[in-house]
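Heads up, the thing below is written out as structure tokens.
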Amino acid sequence: MSKSILNLQSLENKQILTLTPPHTGLSLQGTLQIPGDKSISHRALMLGAMAEGETIIEGLLLGEDPHSTANCFRAMGAQISPLNSQKVTVQGIGLGQLQEPSEVLDAGNSGTTMRLMLGLLASHPHRLFCVTGDASLRSRPMSRVIQPLQEMGAQIWGRNNNRLAPLAVQGQTLKPIHYRSPIASAQVKSCILLAGLMTEGETTVTEPALSRDHSERMLQGFGATLKIDPTTHSVTVVGYPKLIGQKVIVPGDISSAAFWLVAASIVEESELLIENVGVNPTRTGILEALEMMEANITLENKRVITGEPVADLRVKSSRLKACTIEGEIIPRLIDEIPILAVAALFAEGKTIIKDAAELRVKESDRLAVIASQLGKMGATITELPDGLEIIGGNPLNGAEVDSCSDHRIAMSLAIAALNAKGKTIINGAEAAAISYPEFVGSLEKIIP
Ligand code: S3P
């Protein structure tokens with residue numbers, strides 16, 4: 001098989017990825033290492049900056065989003081070595097010691113950077129911070145964190161009646177609250193917990209379903225006292241802990257592994273081993289969904305590394321079946337819904353995804369974009385207010401599609417293209433660099 005099925009054209013900072021799979025005989029084979037987990041990478045940089053002493057991070061994601069976090073914290077006085085995946089060192093400045101930056105903090109495309117950082121900024125008295133992001137981030141709702149922070153006494157101003165960035169934050173001494181979040185969002189939960197670090201007393205967040213718990217795990221690893229009630233999905237942080245720099249080994253991102261899990265499932269005669277993948281149960285909804293669809297995935301070599309469960313994932317192609325994905329599993333696979341939609345297109349029957357209205361406020365309106373872009377390839381997908389209805393089993397045709405500047409859409413379209421008839425042209429393929437800069441290299445590696 002020739003690798004000429006792939007062509008990546010770069011024009012200034014734009015990329016066009018063209019995929020022309022053979023009529024028959026494509027199979028994906030090999031072993032892949034995937035980039036570090038995005039959520040854990042952000043948290044390691046932030047907690048490293050807030051701790052006393054040195055934090056050493058191995059396996060940090062080198063995508064654009066962690067660069068945004070590192071640059072923001074550098075601008076507030078943290079010394080962070082140049083980012084590389086072997087070893088990054090963060091010289092902590094200590095809790096409450098962020099300096100007033102002389103420039104606007106730019107979170108780029110990263111919702112996690114902006115929302116988590118707001119909790120820290122709001123709780124730094126006597127300092128003014130200005131925060132912005134790219135066009136996508138400036139259109140994403142910030143009221144979900146601003147409103148609970150205001151309940152704690154924060155002073156934040158933003159566009160659209162304090163809902164949108166750019167934002168100005170005048171740091172304050174905050175008071176503890178018990179926040180009952182209407183949405184299961186790790187960004188909201190983490191923002192409030194981080195604000196609680198610098199707040200006297202106990203700050204609690206209760207969420208309607210459990211979202212990813214990397215903040216809880218890492219805060220405890222750095223020495224914070226947390227009280228966790230799994231039955232009510234509540235977490236309490238006790239103010240003013242002594243945070244001590246740690247060694248953090250970042251596992252591979254299951255959200256990035258998901259592309260290969262689906263690719264090998266749908267491309268006949270494929271087998272891939274994806275090494276060193278984080279399998280925190282708050283993130284493994286994708287494995288459960290693919291299991292419901294009768295995918296052939298096994299977890300090997302399970303271990304725990306710096307507080308996070310890790311395994312190697314072996315996936316072999318299989319005949320997928322449709323399923324319904326709804327309810328509490330949604331926050332545990334929220335970022336994988338674009339690639340699950342691709343899996344559903346090759347599964348027998350009608351797949352229904354519900355309770356996923358959050359997808360409308362991600363890096364793009366993912367429900368609309370999945371339906372429109374995969375629709376161009378001949379997919380039968382109906383957009384629901386909070387989900388998708390996908391009819392599987394009909395062949396896809398190559399087409400000219402667009403990532404709509406959304407990394408997960410760019411990569412999902414590439415996987416769909418592997419199983420489509422004819423040539424697919426993906427405009428805006430550069431978006432993949434947000435979370436997976438080596439995506440095309442990995443794809444080349446598994447095409448024999
Ligand atoms: C993230 C939480 C999720 C997820 C995002 C990363 C995090 O967002 O979609 O990619 O690192 O906390 P929400 O908390 O908004 O659901």
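Each chain in the structure tokens gets a letter, A, B and so on, in the order shown; residues start at 1 in every chain, and ligands are counted from 1 in the order they appear.
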Write out as JSON lines the residues of chain A that have any atom within 7 Å of an atom of ligand 1, one row each with the nearest atom pair and its distance in Å to one decimal, counting only C-alpha atoms and all ligand atoms, sorted by chain and then rising number.
{"residue": "A:Lys38", "atom": "CA", "partner": "ligand 1", "partner_atom_place_in_ligand_line": "11 (O)", "distance": 6.7}
{"residue": "A:Ser39", "atom": "CA", "partner": "ligand 1", "partner_atom_place_in_ligand_line": "11 (O)", "distance": 3.7}
{"residue": "A:Thr112", "atom": "CA", "partner": "ligand 1", "partner_atom_place_in_ligand_line": "11 (O)", "distance": 5.3}
{"residue": "A:Ala184", "atom": "CA", "partner": "ligand 1", "partner_atom_place_in_ligand_line": "16 (O)", "distance": 6.6}
{"residue": "A:Ser185", "atom": "CA", "partner": "ligand 1", "partner_atom_place_in_ligand_line": "14 (O)", "distance": 3.4}
{"residue": "A:Ala186", "atom": "CA", "partner": "ligand 1", "partner_atom_place_in_ligand_line": "14 (O)", "distance": 3.8}
{"residue": "A:Gln187", "atom": "CA", "partner": "ligand 1", "partner_atom_place_in_ligand_line": "14 (O)", "distance": 3.7}
{"residue": "A:Val188", "atom": "CA", "partner": "ligand 1", "partner_atom_place_in_ligand_line": "14 (O)", "distance": 6.0}
{"residue": "A:Ser190", "atom": "CA", "partner": "ligand 1", "partner_atom_place_in_ligand_line": "12 (O)", "distance": 6.9}
{"residue": "A:Arg212", "atom": "CA", "partner": "ligand 1", "partner_atom_place_in_ligand_line": "12 (O)", "distance": 6.8}
{"residue": "A:Pro331", "atom": "CA", "partner": "ligand 1", "partner_atom_place_in_ligand_line": "16 (O)", "distance": 6.5}
{"residue": "A:Ile334", "atom": "CA", "partner": "ligand 1", "partner_atom_place_in_ligand_line": "9 (O)", "distance": 5.8}
{"residue": "A:Asp335", "atom": "CA", "partner": "ligand 1", "partner_atom_place_in_ligand_line": "9 (O)", "distance": 5.2}
{"residue": "A:Lys362", "atom": "CA", "partner": "ligand 1", "partner_atom_place_in_ligand_line": "9 (O)", "distance": 6.9}
All helix (DSSP H, G or I) residues (DSSP, backbone) inside segment 68-234 of chain A, as a VMD selection string: chain A and resid 68 to 75 111 to 122 137 to 139 143 to 151 159 to 162 186 to 197 214 to 221
Quick one: write out the picked residues with C-alpha atoms as a PDB file, in the first residue's frame?
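So result-v1.pdb came out as:
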ATOM      1  CA  SER A  68      -1.402  29.075  25.910  1.00  0.00           C
ATOM      2  CA  THR A  69      -1.516  28.023  29.569  1.00  0.00           C
ATOM      3  CA  ALA A  70       2.268  28.142  29.927  1.00  0.00           C
ATOM      4  CA  ASN A  71       2.463  31.608  28.350  1.00  0.00           C
ATOM      5  CA  CYS A  72      -0.272  33.004  30.601  1.00  0.00           C
ATOM      6  CA  PHE A  73       1.444  31.757  33.760  1.00  0.00           C
ATOM      7  CA  ARG A  74       4.859  32.935  32.553  1.00  0.00           C
ATOM      8  CA  ALA A  75       3.330  36.392  32.140  1.00  0.00           C
ATOM      9  CA  GLY A 111     -11.542  26.967  27.197  1.00  0.00           C
ATOM     10  CA  THR A 112      -9.731  25.047  29.940  1.00  0.00           C
ATOM     11  CA  THR A 113      -6.995  27.694  30.181  1.00  0.00           C
ATOM     12  CA  MET A 114      -9.474  30.542  30.448  1.00  0.00           C
ATOM     13  CA  ARG A 115     -12.022  28.965  32.769  1.00  0.00           C
ATOM     14  CA  LEU A 116      -9.593  27.347  35.211  1.00  0.00           C
ATOM     15  CA  MET A 117      -7.342  30.403  35.282  1.00  0.00           C
ATOM     16  CA  LEU A 118     -10.306  32.674  36.104  1.00  0.00           C
ATOM     17  CA  GLY A 119     -10.720  30.889  39.447  1.00  0.00           C
ATOM     18  CA  LEU A 120      -7.116  31.680  40.325  1.00  0.00           C
ATOM     19  CA  LEU A 121      -7.173  35.272  39.070  1.00  0.00           C
ATOM     20  CA  ALA A 122     -10.425  36.161  40.827  1.00  0.00           C
ATOM     21  CA  LEU A 137     -13.074  31.278  22.641  1.00  0.00           C
ATOM     22  CA  ARG A 138     -14.425  34.838  22.625  1.00  0.00           C
ATOM     23  CA  SER A 139     -17.786  33.409  21.599  1.00  0.00           C
ATOM     24  CA  SER A 143     -20.992  33.107  32.582  1.00  0.00           C
ATOM     25  CA  ARG A 144     -20.930  29.499  33.764  1.00  0.00           C
ATOM     26  CA  VAL A 145     -17.795  30.331  35.768  1.00  0.00           C
ATOM     27  CA  ILE A 146     -18.279  34.079  36.215  1.00  0.00           C
ATOM     28  CA  GLN A 147     -21.631  33.698  37.949  1.00  0.00           C
ATOM     29  CA  PRO A 148     -20.438  31.305  40.729  1.00  0.00           C
ATOM     30  CA  LEU A 149     -17.241  33.328  41.106  1.00  0.00           C
ATOM     31  CA  GLN A 150     -19.384  36.447  41.575  1.00  0.00           C
ATOM     32  CA  GLU A 151     -21.305  34.587  44.292  1.00  0.00           C
ATOM     33  CA  ARG A 159     -18.668  41.732  26.925  1.00  0.00           C
ATOM     34  CA  ASN A 160     -22.314  40.893  26.510  1.00  0.00           C
ATOM     35  CA  ASN A 161     -23.282  41.676  30.078  1.00  0.00           C
ATOM     36  CA  ASN A 162     -20.319  39.800  31.614  1.00  0.00           C
ATOM     37  CA  ALA A 186     -14.976  19.771  34.843  1.00  0.00           C
ATOM     38  CA  GLN A 187     -14.022  23.286  33.790  1.00  0.00           C
ATOM     39  CA  VAL A 188     -16.676  24.817  36.040  1.00  0.00           C
ATOM     40  CA  LYS A 189     -15.880  22.454  38.923  1.00  0.00           C
ATOM     41  CA  SER A 190     -12.134  23.046  38.608  1.00  0.00           C
ATOM     42  CA  CYS A 191     -12.510  26.825  38.371  1.00  0.00           C
ATOM     43  CA  ILE A 192     -14.416  26.957  41.666  1.00  0.00           C
ATOM     44  CA  LEU A 193     -12.047  24.527  43.393  1.00  0.00           C
ATOM     45  CA  LEU A 194      -9.045  26.599  42.289  1.00  0.00           C
ATOM     46  CA  ALA A 195     -10.751  29.749  43.587  1.00  0.00           C
ATOM     47  CA  GLY A 196     -11.351  27.829  46.826  1.00  0.00           C
ATOM     48  CA  LEU A 197      -7.608  27.341  47.287  1.00  0.00           C
ATOM     49  CA  HIS A 214      -8.168  15.181  37.165  1.00  0.00           C
ATOM     50  CA  SER A 215      -8.222  18.360  39.268  1.00  0.00           C
ATOM     51  CA  GLU A 216      -9.281  16.465  42.359  1.00  0.00           C
ATOM     52  CA  ARG A 217      -6.576  13.837  41.878  1.00  0.00           C
ATOM     53  CA  MET A 218      -3.830  16.334  41.159  1.00  0.00           C
ATOM     54  CA  LEU A 219      -4.794  18.786  43.900  1.00  0.00           C
ATOM     55  CA  GLN A 220      -4.531  15.950  46.411  1.00  0.00           C
ATOM     56  CA  GLY A 221      -1.222  14.887  44.870  1.00  0.00           C
TER      57      GLY A 221
END
Of the listed residues A:Asp402, A:Glu200, A:Glu358, A:Asp37, that which approaches Val238 of chain A most closely, counting only C-alpha atoms: A:Glu200
Selected residue of minimal separation from Ala168 of chain A among A:Glu275, A:Glu103, A:Asp312, A:Glu336, counting only C-alpha atoms: A:Glu103
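Using only C-alpha atoms, the smallest distance between any of A:Gly393, A:Val205, A:Gln246, A:Lys423 and Lys227 of chain A comes from A:Val205.
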Lys242 of chain A environment, 12 Å, only C-alpha atoms, sequence neighbours closer than 6 positions dropped, as JSON, numbers by chain: {"A": [47, 50, 51, 52, 53, 92, 94, 95, 96, 197, 198, 219, 220, 221, 222, 223, 224, 225]}
Restricting it to N, CA and C atoms, dump the selection as a short mmCIF file (atom, residue, chain, number, x, y, z; two decimals), in the first residue's frame.
data_model
loop_
_atom_site.label_atom_id
_atom_site.label_comp_id
_atom_site.auth_asym_id
_atom_site.auth_seq_id
_atom_site.Cartn_x
_atom_site.Cartn_y
_atom_site.Cartn_z
N LEU A 47 -0.99 23.95 38.53
CA LEU A 47 -0.68 23.63 39.94
C LEU A 47 0.81 23.76 40.20
N MET A 50 1.41 27.28 41.01
CA MET A 50 0.86 27.73 42.29
C MET A 50 1.54 27.09 43.50
N ALA A 51 2.36 26.05 43.23
CA ALA A 51 2.97 25.30 44.34
C ALA A 51 4.27 25.96 44.78
N GLU A 52 4.80 25.45 45.89
CA GLU A 52 6.14 25.86 46.32
C GLU A 52 7.12 24.82 45.82
N GLY A 53 8.26 25.27 45.31
CA GLY A 53 9.28 24.34 44.83
C GLY A 53 9.05 23.97 43.37
N GLY A 92 7.65 26.83 40.97
CA GLY A 92 6.42 27.35 41.56
C GLY A 92 6.64 28.70 42.23
N GLY A 94 4.21 29.84 44.39
CA GLY A 94 3.50 29.74 45.67
C GLY A 94 2.09 30.31 45.58
N LEU A 95 1.22 29.74 46.40
CA LEU A 95 -0.19 30.12 46.39
C LEU A 95 -0.37 31.62 46.65
N GLY A 96 -1.14 32.27 45.82
CA GLY A 96 -1.44 33.68 46.02
C GLY A 96 -0.37 34.62 45.52
N LEU A 197 -8.95 27.49 46.69
CA LEU A 197 -7.61 27.34 47.29
C LEU A 197 -7.23 28.58 48.09
N MET A 198 -7.65 29.74 47.58
CA MET A 198 -7.25 31.02 48.20
C MET A 198 -8.41 31.64 48.96
N LEU A 219 -4.84 17.91 42.72
CA LEU A 219 -4.79 18.79 43.90
C LEU A 219 -4.36 17.98 45.12
N GLN A 220 -4.92 16.78 45.27
CA GLN A 220 -4.53 15.95 46.41
C GLN A 220 -3.06 15.55 46.30
N GLY A 221 -2.62 15.24 45.08
CA GLY A 221 -1.22 14.89 44.87
C GLY A 221 -0.28 16.02 45.26
N PHE A 222 -0.72 17.27 45.10
CA PHE A 222 0.11 18.43 45.44
C PHE A 222 -0.05 18.83 46.91
N GLY A 223 -0.94 18.15 47.63
CA GLY A 223 -1.02 18.38 49.08
C GLY A 223 -2.28 19.08 49.56
N ALA A 224 -3.25 19.34 48.68
CA ALA A 224 -4.49 20.00 49.13
C ALA A 224 -5.37 19.00 49.86
N THR A 225 -6.21 19.52 50.76
CA THR A 225 -7.18 18.66 51.45
C THR A 225 -8.52 18.78 50.74
#
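Checking A:Pro21, A:Leu32, A:Pro281, A:Ile80 one by one against Phe439 of chain A, counting only C-alpha atoms, you find the shortest gap at A:Leu32.
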Members of segment 48-119 of chain A assigned strand (DSSP E) by DSSP, as a PyMOL selection string: chain A and resi 54-58+79-80+88-91+105-106
Distance criterion (only C-alpha atoms): nearest to Pro182 of chain A out of A:Ile266, A:Thr199, A:Pro208, A:Ile330: A:Pro208
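Going from atom CA of Leu367 of chain A to atom CA of Ala165 of chain A covers 23.0 Å.
Look at Glu300 of chain A: the protein and nucleic acid residues within 9 Å of it, using only C-alpha atoms and passing over chain neighbours fewer than 6 places away, are A:Ala311, A:Asp312, A:Leu313, A:Arg314.
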Same residues, N, CA, C and O atoms, output as a tab-separated table (two decimals), in the first residue's frame:
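Writing done, so here's out07.tsv:
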chain	number	residue	atom	x	y	z
A	311	ALA	N	-3.35	2.34	30.67
A	311	ALA	CA	-3.31	1.01	30.06
A	311	ALA	C	-2.88	1.14	28.61
A	311	ALA	O	-2.87	2.24	28.04
A	312	ASP	N	-2.52	0.00	28.01
A	312	ASP	CA	-2.32	-0.04	26.55
A	312	ASP	C	-3.62	-0.58	25.96
A	312	ASP	O	-4.22	-1.49	26.52
A	313	LEU	N	-4.04	-0.02	24.86
A	313	LEU	CA	-5.32	-0.42	24.27
A	313	LEU	C	-5.06	-1.13	22.94
A	313	LEU	O	-4.39	-0.58	22.07
A	314	ARG	N	-5.58	-2.35	22.84
A	314	ARG	CA	-5.46	-3.08	21.56
A	314	ARG	C	-6.83	-3.08	20.89
A	314	ARG	O	-7.83	-3.40	21.53
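If you count only C-alpha atoms and ignore residues fewer than 6 places along the chain from Ser442 of chain A, what sits within 10 Å of it is Gly30, Thr31, Leu32, Gln33, Ile34, Trp260 and Tyr436 of chain A.
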Next, write the just-selected residues to a file, as a compact mmCIF listing (two decimals), in the first residue's frame, keeping all heavy atoms as the atom set.
# COMPACT_ATOMS: atom_id res chain seq x y z
N GLY A 30 -0.14 -1.47 13.42
CA GLY A 30 1.02 -0.92 14.09
C GLY A 30 0.77 -0.54 15.54
O GLY A 30 -0.28 -0.81 16.11
N THR A 31 1.80 0.10 16.08
CA THR A 31 1.79 0.51 17.48
C THR A 31 1.95 2.02 17.52
O THR A 31 2.79 2.57 16.81
CB THR A 31 2.96 -0.17 18.23
OG1 THR A 31 2.77 -1.58 18.12
CG2 THR A 31 3.02 0.23 19.69
N LEU A 32 1.15 2.67 18.32
CA LEU A 32 1.18 4.14 18.38
C LEU A 32 1.40 4.64 19.80
O LEU A 32 0.85 4.07 20.74
CB LEU A 32 -0.15 4.71 17.89
CG LEU A 32 -0.45 4.67 16.40
CD1 LEU A 32 -1.89 5.13 16.16
CD2 LEU A 32 0.52 5.57 15.64
N GLN A 33 2.18 5.69 19.91
CA GLN A 33 2.22 6.46 21.16
C GLN A 33 1.46 7.74 20.87
O GLN A 33 1.68 8.36 19.83
CB GLN A 33 3.66 6.82 21.56
CG GLN A 33 4.45 5.69 22.18
CD GLN A 33 5.07 4.81 21.14
OE1 GLN A 33 5.47 5.28 20.08
NE2 GLN A 33 5.15 3.52 21.42
N ILE A 34 0.61 8.09 21.76
CA ILE A 34 -0.20 9.28 21.51
C ILE A 34 0.26 10.41 22.43
O ILE A 34 0.87 10.17 23.47
CB ILE A 34 -1.70 8.98 21.72
CG1 ILE A 34 -1.89 8.22 23.01
CG2 ILE A 34 -2.28 8.28 20.53
CD1 ILE A 34 -3.27 8.25 23.49
N TRP A 260 -7.99 6.56 16.83
CA TRP A 260 -7.43 5.29 16.35
C TRP A 260 -8.33 4.13 16.74
O TRP A 260 -8.40 3.14 16.01
CB TRP A 260 -6.00 5.12 16.87
CG TRP A 260 -5.19 6.37 16.64
CD1 TRP A 260 -4.57 7.13 17.57
CD2 TRP A 260 -4.97 7.03 15.38
NE1 TRP A 260 -3.97 8.21 16.97
CE2 TRP A 260 -4.20 8.18 15.64
CE3 TRP A 260 -5.35 6.77 14.06
CZ2 TRP A 260 -3.81 9.06 14.63
CZ3 TRP A 260 -4.97 7.64 13.05
CH2 TRP A 260 -4.21 8.77 13.34
N TYR A 436 -3.28 17.58 19.00
CA TYR A 436 -2.58 16.42 18.45
C TYR A 436 -1.71 16.85 17.27
O TYR A 436 -2.00 16.54 16.11
CB TYR A 436 -3.62 15.38 18.01
CG TYR A 436 -3.11 13.96 17.89
CD1 TYR A 436 -3.98 12.88 17.98
CD2 TYR A 436 -1.75 13.67 17.69
CE1 TYR A 436 -3.54 11.57 17.88
CE2 TYR A 436 -1.30 12.38 17.58
CZ TYR A 436 -2.21 11.33 17.68
OH TYR A 436 -1.77 10.03 17.57
Polymer residues at most 10 Å from Val304 of chain A, only C-alpha atoms, same-chain spacing of 2 or more positions, as number ranges by chain: A: 251, 278-280, 302, 306-311
10 Å contact set for Ile228 of chain A, only C-alpha atoms, chain neighbours under 2 positions out, as a count of residues only: 14
